[in-house]
Amino acid sequence: MRVLIVDTALGACTACVVEDGRLLGVRSELMTKGHQERLAGMVRDAVADAAREAGGGFEALDRIGVTVGPGSFTGLRVGLAFAQGLSAALDRPVVGLSTLDGLAVSIKPAGLVAALIDARRGQVYARLFRDGRPLGRAEALPLATAADRIYDAAAGAPPILVGSGAALLVEAFPERLGAAVAARLPAPSPEALAYMTAVVDPAAAPPRPLYLRAPDAVPPRRLPGQPRPPATP
């Protein structure tokens, strides 16, 4: 199966083509903004590299995988819009991929793994895994709550923390997580995302944004030009 991966949810912009575990073409740049300007060209180049390596172009793709969050609101919307537009043009299914699951799959360790993304405002997006199996759902947690859960689940064994929130927790709670192994990946690996795209049922992983907390922005309470409501005494 040949799959195209689009990842714009975290600290990188990545487009890659993988066939049966073999990386045929990849374009990836670390960035926190500017995905919209770079993504289309990176996808074009990754598909062109795959065509030179193994033949075929866009028509040779079987599936498209796209990261759906948690992550940057703007970044993940860019990737989702692009993937869904390409899906409509090629008539190929799109698989929505969790960034937390992708981070955990990227390192493939045994034992307890905590995938952690810095969510700002004293929180992390977190999901725990043991031997590759999730121990619960993805959540937005205060730092202290996340540290307590990891410490309790580890039961004395050194856990592995992966993602932008890994070093954050180790530095904040050295008495509990000082023995942890922290791997600060800016984004899931292309190979991990490609594996997930190939094995997941598209019907069970729709390309919808995964938000774990309410957005910071709120709709305005009055339209431009409308008078302000009277102050309540």
# chains A, B, ... in the order shown; residues from 1 in each chain; ligands from 1

call {"tool": "residues_around", "arguments": {"residues": "segment 52-57 of chain A", "least_positions_apart": "3", "cutoff": "10 Å", "atoms": "only C-alpha atoms", "output": "list in words"}}
result
Glu19, Leu23, Leu24, Gly25, Arg44, Ala46, Val47, Ala48, Asp49, Ala60 and Leu61 of chain A

call {"tool": "residues_around", "arguments": {"residues": "segment 86-97 of chain A", "least_positions_apart": "4", "cutoff": "9 Å", "atoms": "only C-alpha atoms", "output": "PyMOL selection string"}}
result
chain A and resi 58-59+61-69+80-82+101-102+193+196-198+200-209

call {"tool": "residues_around", "arguments": {"residues": "segment 7-13 of chain A", "least_positions_apart": "3", "cutoff": "9 Å", "atoms": "only C-alpha atoms", "output": "ChimeraX atom specification"}}
result
/A:27-36,38-39,42,65-80,99,117,164,185-188,190,193

call {"tool": "write_last_selection", "arguments": {"atoms": "N, CA and C atoms", "output": "compact mmCIF listing (two decimals), in the first residue's frame"}}
result
# COMPACT_ATOMS: atom_id res chain seq x y z
N ARG A 27 9.70 15.24 2.34
CA ARG A 27 10.07 16.64 2.51
C ARG A 27 9.60 17.05 3.90
N SER A 28 10.51 17.57 4.71
CA SER A 28 10.15 17.94 6.07
C SER A 28 10.99 19.11 6.53
N GLU A 29 10.36 20.09 7.13
CA GLU A 29 11.05 21.25 7.66
C GLU A 29 10.48 21.58 9.03
N LEU A 30 11.36 21.92 9.98
CA LEU A 30 10.90 22.38 11.28
C LEU A 30 10.33 23.77 11.13
N MET A 31 9.11 23.97 11.61
CA MET A 31 8.48 25.30 11.57
C MET A 31 7.27 25.29 12.48
N THR A 32 6.99 26.43 13.05
CA THR A 32 5.81 26.58 13.89
C THR A 32 4.72 27.40 13.19
N LYS A 33 5.07 28.07 12.09
CA LYS A 33 4.08 28.77 11.27
C LYS A 33 4.59 28.82 9.84
N GLY A 34 3.69 29.14 8.91
CA GLY A 34 4.06 29.17 7.51
C GLY A 34 3.77 27.88 6.77
N HIS A 35 3.04 26.94 7.40
CA HIS A 35 2.74 25.66 6.76
C HIS A 35 1.95 25.85 5.46
N GLN A 36 1.05 26.81 5.46
CA GLN A 36 0.18 27.00 4.30
C GLN A 36 0.99 27.32 3.05
N ARG A 38 4.13 26.45 2.44
CA ARG A 38 5.11 25.45 2.07
C ARG A 38 4.51 24.09 1.71
N LEU A 39 3.33 23.77 2.23
CA LEU A 39 2.83 22.40 2.16
C LEU A 39 2.65 21.88 0.74
N MET A 42 5.84 20.95 -1.00
CA MET A 42 6.48 19.80 -0.38
C MET A 42 5.79 18.49 -0.78
N GLY A 65 -2.88 10.06 4.82
CA GLY A 65 -2.94 10.21 6.27
C GLY A 65 -2.63 11.64 6.65
N VAL A 66 -3.40 12.19 7.58
CA VAL A 66 -3.19 13.58 8.00
C VAL A 66 -3.32 13.68 9.51
N THR A 67 -2.42 14.41 10.14
CA THR A 67 -2.50 14.61 11.58
C THR A 67 -3.65 15.56 11.91
N VAL A 68 -4.41 15.19 12.94
CA VAL A 68 -5.62 15.94 13.29
C VAL A 68 -5.52 16.60 14.66
N GLY A 69 -4.38 16.48 15.32
CA GLY A 69 -4.20 17.09 16.62
C GLY A 69 -4.08 16.04 17.71
N PRO A 70 -3.94 16.50 18.95
CA PRO A 70 -3.89 17.91 19.34
C PRO A 70 -2.64 18.59 18.82
N GLY A 71 -2.76 19.90 18.68
CA GLY A 71 -1.65 20.68 18.17
C GLY A 71 -2.09 22.10 17.85
N SER A 72 -1.34 22.72 16.96
CA SER A 72 -1.62 24.09 16.56
C SER A 72 -2.95 24.18 15.82
N PHE A 73 -3.84 25.06 16.26
CA PHE A 73 -5.14 25.21 15.62
C PHE A 73 -4.98 25.53 14.14
N THR A 74 -4.17 26.52 13.82
CA THR A 74 -4.00 26.93 12.43
C THR A 74 -3.29 25.85 11.63
N GLY A 75 -2.23 25.29 12.19
CA GLY A 75 -1.45 24.29 11.46
C GLY A 75 -2.27 23.07 11.09
N LEU A 76 -3.01 22.53 12.04
CA LEU A 76 -3.75 21.31 11.71
C LEU A 76 -4.89 21.58 10.73
N ARG A 77 -5.46 22.79 10.77
CA ARG A 77 -6.51 23.11 9.79
C ARG A 77 -5.94 23.19 8.38
N VAL A 78 -4.70 23.68 8.25
CA VAL A 78 -4.05 23.72 6.95
C VAL A 78 -3.89 22.31 6.39
N GLY A 79 -3.36 21.40 7.21
CA GLY A 79 -3.16 20.04 6.75
C GLY A 79 -4.45 19.33 6.43
N LEU A 80 -5.47 19.52 7.26
CA LEU A 80 -6.75 18.87 7.02
C LEU A 80 -7.40 19.36 5.73
N THR A 99 -1.71 13.03 16.92
CA THR A 99 -0.30 13.35 17.11
C THR A 99 0.27 12.63 18.33
N ILE A 117 2.49 16.82 24.82
CA ILE A 117 2.65 18.01 24.00
C ILE A 117 2.42 19.22 24.88
N SER A 164 7.02 17.46 22.99
CA SER A 164 7.49 18.77 23.45
C SER A 164 7.22 19.01 24.93
N LEU A 185 10.71 14.94 20.67
CA LEU A 185 10.50 14.97 19.22
C LEU A 185 9.62 16.17 18.87
N PRO A 186 9.97 16.94 17.85
CA PRO A 186 9.12 18.06 17.46
C PRO A 186 7.82 17.63 16.81
N ALA A 187 7.80 16.40 16.28
CA ALA A 187 6.62 15.88 15.58
C ALA A 187 6.79 14.37 15.44
N PRO A 188 5.71 13.63 15.20
CA PRO A 188 5.85 12.19 14.96
C PRO A 188 6.69 11.91 13.72
N PRO A 190 7.73 10.35 10.13
CA PRO A 190 6.96 9.97 8.94
C PRO A 190 6.66 8.48 8.88
N LEU A 193 3.72 7.61 11.20
CA LEU A 193 2.44 8.06 10.65
C LEU A 193 2.03 7.21 9.45

call {"tool": "residues_around", "arguments": {"residues": "Val124 of chain A", "least_positions_apart": "5", "cutoff": "8 Å", "atoms": "only C-alpha atoms", "output": "number ranges by chain"}}
result
A: 116-119, 140-143, 146, 165

call {"tool": "select_by_dssp", "arguments": {"residues": "segment 17-232 of chain A", "states": "helix (DSSP H, G or I)", "output": "VMD selection string"}}
result
chain A and resid 35 to 54 58 to 60 73 to 90 99 to 107 143 to 154 166 to 172 174 to 177 190 to 199 202 to 204

call {"tool": "select_by_dssp", "arguments": {"residues": "segment 23-52 of chain A", "states": "strand (DSSP E or B)", "output": "PyMOL selection string"}}
result
chain A and resi 23-30

call {"tool": "write_last_selection", "arguments": {"atoms": "N, CA and C atoms", "output": "tab-separated table (two decimals), in the first residue's frame"}}
result
chain	number	residue	atom	x	y	z
A	23	LEU	N	10.32	4.17	2.55
A	23	LEU	CA	10.20	5.60	2.34
A	23	LEU	C	10.64	5.95	0.93
A	24	LEU	N	9.70	6.43	0.11
A	24	LEU	CA	9.99	6.72	-1.29
A	24	LEU	C	10.29	8.20	-1.53
A	25	GLY	N	9.69	9.06	-0.75
A	25	GLY	CA	9.91	10.49	-0.93
A	25	GLY	C	9.51	11.22	0.32
A	26	VAL	N	10.32	12.17	0.75
A	26	VAL	CA	10.01	12.91	1.97
A	26	VAL	C	10.51	14.34	1.86
A	27	ARG	N	9.70	15.24	2.34
A	27	ARG	CA	10.07	16.64	2.51
A	27	ARG	C	9.60	17.05	3.90
A	28	SER	N	10.51	17.57	4.71
A	28	SER	CA	10.15	17.94	6.07
A	28	SER	C	10.99	19.11	6.53
A	29	GLU	N	10.36	20.09	7.13
A	29	GLU	CA	11.05	21.25	7.66
A	29	GLU	C	10.48	21.58	9.03
A	30	LEU	N	11.36	21.92	9.98
A	30	LEU	CA	10.90	22.38	11.28
A	30	LEU	C	10.33	23.77	11.13

call {"tool": "atom_distance", "arguments": {"atom1": "atom CA of Ala144 of chain A", "atom2": "atom CA of Ala192 of chain A"}}
result
29.1 Å

call {"tool": "atom_distance", "arguments": {"atom1": "atom CA of Ala50 of chain A", "atom2": "atom CA of Glu37 of chain A"}}
result
21.9 Å

call {"tool": "atom_distance", "arguments": {"atom1": "atom CA of Asp131 of chain A", "atom2": "atom CA of Leu103 of chain A"}}
result
13.9 Å

call {"tool": "closest_residue", "arguments": {"among": "A:Leu100, A:Glu191, A:Pro109, A:Leu169", "to": "Arg137 of chain A", "atoms": "only C-alpha atoms"}}
result
A:Leu100
